[in-house]
Amino acid sequence: MNNNIYANKDYNFYLEGPNDINATYNWWGTTDTQAINQTIYDVKYDFNLGTVTFVPFLTEPNPEAMPDPNAPIPTPPEQTPATSPTPTPDQTPTPTPSQEPQQTEQLEIIVGVVIAVAVIGAGLGLLIYLIKRK
């Protein structure tokens with residue numbers, strides 16, 4: 001009760017058992033009942049689960065709600081610089097690798113697969129020929 005439960009990855013509340021849960025008087029990031037209901041995984045998604053009751057709910061965030069001390073701290077995604085770094089006088093710029101080596105590796109794999117299929121096909125053809133010849 002009196003928590004701020006919103007902006008989570010898949011669901012704001014994910015019920016994992018058959019027991020009903022009272023989750024009333026929480027802030028869900030909105031006052032739209034249908035929107036809140038869509039962020040709660042309960043009996044409406046799996047008939048083996050209980051029901052999460054969330055009405056009545058808070059109509060604004062609770063500024064005094066305590067954060068979960070066990071919640072993982074999100075790490076920001078790695079940022080790719082928009083421009084290449086400027087070399088300092090005692091550094092030489094490193095060349096940007098081209099796509100050619102990767103394309104060559106992909107071509108080698110494709111050629112290898114084609115050769116393997118051709119060898120298997122020829123072997124099967126020879127086997128069928130020898131069986132029919134008997």
# chains A, B, ... in the order shown; residues from 1 in each chain; ligands from 1

$ residues_around --residues "stretch 24-27 of chain A" --least-positions-apart "5" --cutoff "12 Å" --atoms "only C-alpha atoms" --output "MDAnalysis selection string"
chainID A and resid 1:7 12:13 32:33 36 52:65

$ write_last_selection --atoms "C-alpha atoms" --output "PDB file, in the first residue's frame"
ATOM      1  CA  MET A   1       0.000   0.000   0.000  1.00  0.00           C
ATOM      2  CA  ASN A   2       1.035   3.561  -0.780  1.00  0.00           C
ATOM      3  CA  ASN A   3       3.793   2.473  -3.179  1.00  0.00           C
ATOM      4  CA  ASN A   4       4.714   3.794  -6.608  1.00  0.00           C
ATOM      5  CA  ILE A   5       4.494   0.787  -8.945  1.00  0.00           C
ATOM      6  CA  TYR A   6       4.993   1.786 -12.575  1.00  0.00           C
ATOM      7  CA  ALA A   7       7.360   1.931 -15.570  1.00  0.00           C
ATOM      8  CA  ASN A  12       4.174  -3.683 -13.090  1.00  0.00           C
ATOM      9  CA  PHE A  13       2.899  -6.637 -11.052  1.00  0.00           C
ATOM     10  CA  ASP A  32      -6.613   4.915 -16.369  1.00  0.00           C
ATOM     11  CA  THR A  33      -8.067   1.708 -14.900  1.00  0.00           C
ATOM     12  CA  ILE A  36      -3.303  -0.268 -15.060  1.00  0.00           C
ATOM     13  CA  VAL A  52      -4.771  -8.771  -8.223  1.00  0.00           C
ATOM     14  CA  THR A  53      -7.167  -6.164  -6.836  1.00  0.00           C
ATOM     15  CA  PHE A  54      -5.823  -2.645  -7.432  1.00  0.00           C
ATOM     16  CA  VAL A  55      -8.936  -0.440  -7.049  1.00  0.00           C
ATOM     17  CA  PRO A  56      -9.002   1.952  -5.240  1.00  0.00           C
ATOM     18  CA  PHE A  57      -5.605   3.317  -6.253  1.00  0.00           C
ATOM     19  CA  LEU A  58      -3.645   6.506  -5.636  1.00  0.00           C
ATOM     20  CA  THR A  59      -4.278   9.323  -8.117  1.00  0.00           C
ATOM     21  CA  GLU A  60      -0.732  10.696  -7.943  1.00  0.00           C
ATOM     22  CA  PRO A  61       2.725   9.408  -6.984  1.00  0.00           C
ATOM     23  CA  ASN A  62       3.466   9.005  -3.289  1.00  0.00           C
ATOM     24  CA  PRO A  63       6.569  11.165  -2.632  1.00  0.00           C
ATOM     25  CA  GLU A  64       7.194   9.322   0.639  1.00  0.00           C
ATOM     26  CA  ALA A  65       7.219   5.831  -0.898  1.00  0.00           C
TER      27      ALA A  65
END

$ atom_distance --atom1 "atom CA of A:Gly29" --atom2 "atom CA of A:Tyr11"
12.2 Å

$ atom_distance --atom1 "atom CA of A:Lys44" --atom2 "atom CA of A:Glu16"
12.6 Å

$ select_by_dssp --residues "stretch 4-55 of chain A" --states "alpha helix (DSSP H)" --output "ChimeraX atom specification"
/A:33-38

$ write_last_selection --atoms "N, CA and C atoms" --output "mmCIF file, in the first residue's frame"
data_model
loop_
_atom_site.group_PDB
_atom_site.id
_atom_site.type_symbol
_atom_site.label_atom_id
_atom_site.label_comp_id
_atom_site.auth_asym_id
_atom_site.auth_seq_id
_atom_site.Cartn_x
_atom_site.Cartn_y
_atom_site.Cartn_z
ATOM 1 N N THR A 33 -7.865 3.046 -15.454
ATOM 2 C CA THR A 33 -8.067 1.708 -14.900
ATOM 3 C C THR A 33 -7.701 0.617 -15.905
ATOM 4 N N GLN A 34 -8.098 0.777 -17.164
ATOM 5 C CA GLN A 34 -7.771 -0.232 -18.180
ATOM 6 C C GLN A 34 -6.260 -0.320 -18.415
ATOM 7 N N ALA A 35 -5.587 0.810 -18.427
ATOM 8 C CA ALA A 35 -4.132 0.811 -18.622
ATOM 9 C C ALA A 35 -3.441 0.121 -17.449
ATOM 10 N N ILE A 36 -3.885 0.392 -16.244
ATOM 11 C CA ILE A 36 -3.303 -0.268 -15.060
ATOM 12 C C ILE A 36 -3.518 -1.773 -15.156
ATOM 13 N N ASN A 37 -4.741 -2.176 -15.491
ATOM 14 C CA ASN A 37 -5.094 -3.585 -15.569
ATOM 15 C C ASN A 37 -4.204 -4.339 -16.568
ATOM 16 N N GLN A 38 -3.815 -3.690 -17.655
ATOM 17 C CA GLN A 38 -2.955 -4.324 -18.660
ATOM 18 C C GLN A 38 -1.536 -4.540 -18.162
#

$ atom_distance --atom1 "atom CA of A:Met66" --atom2 "atom CA of A:Asp20"
24.1 Å
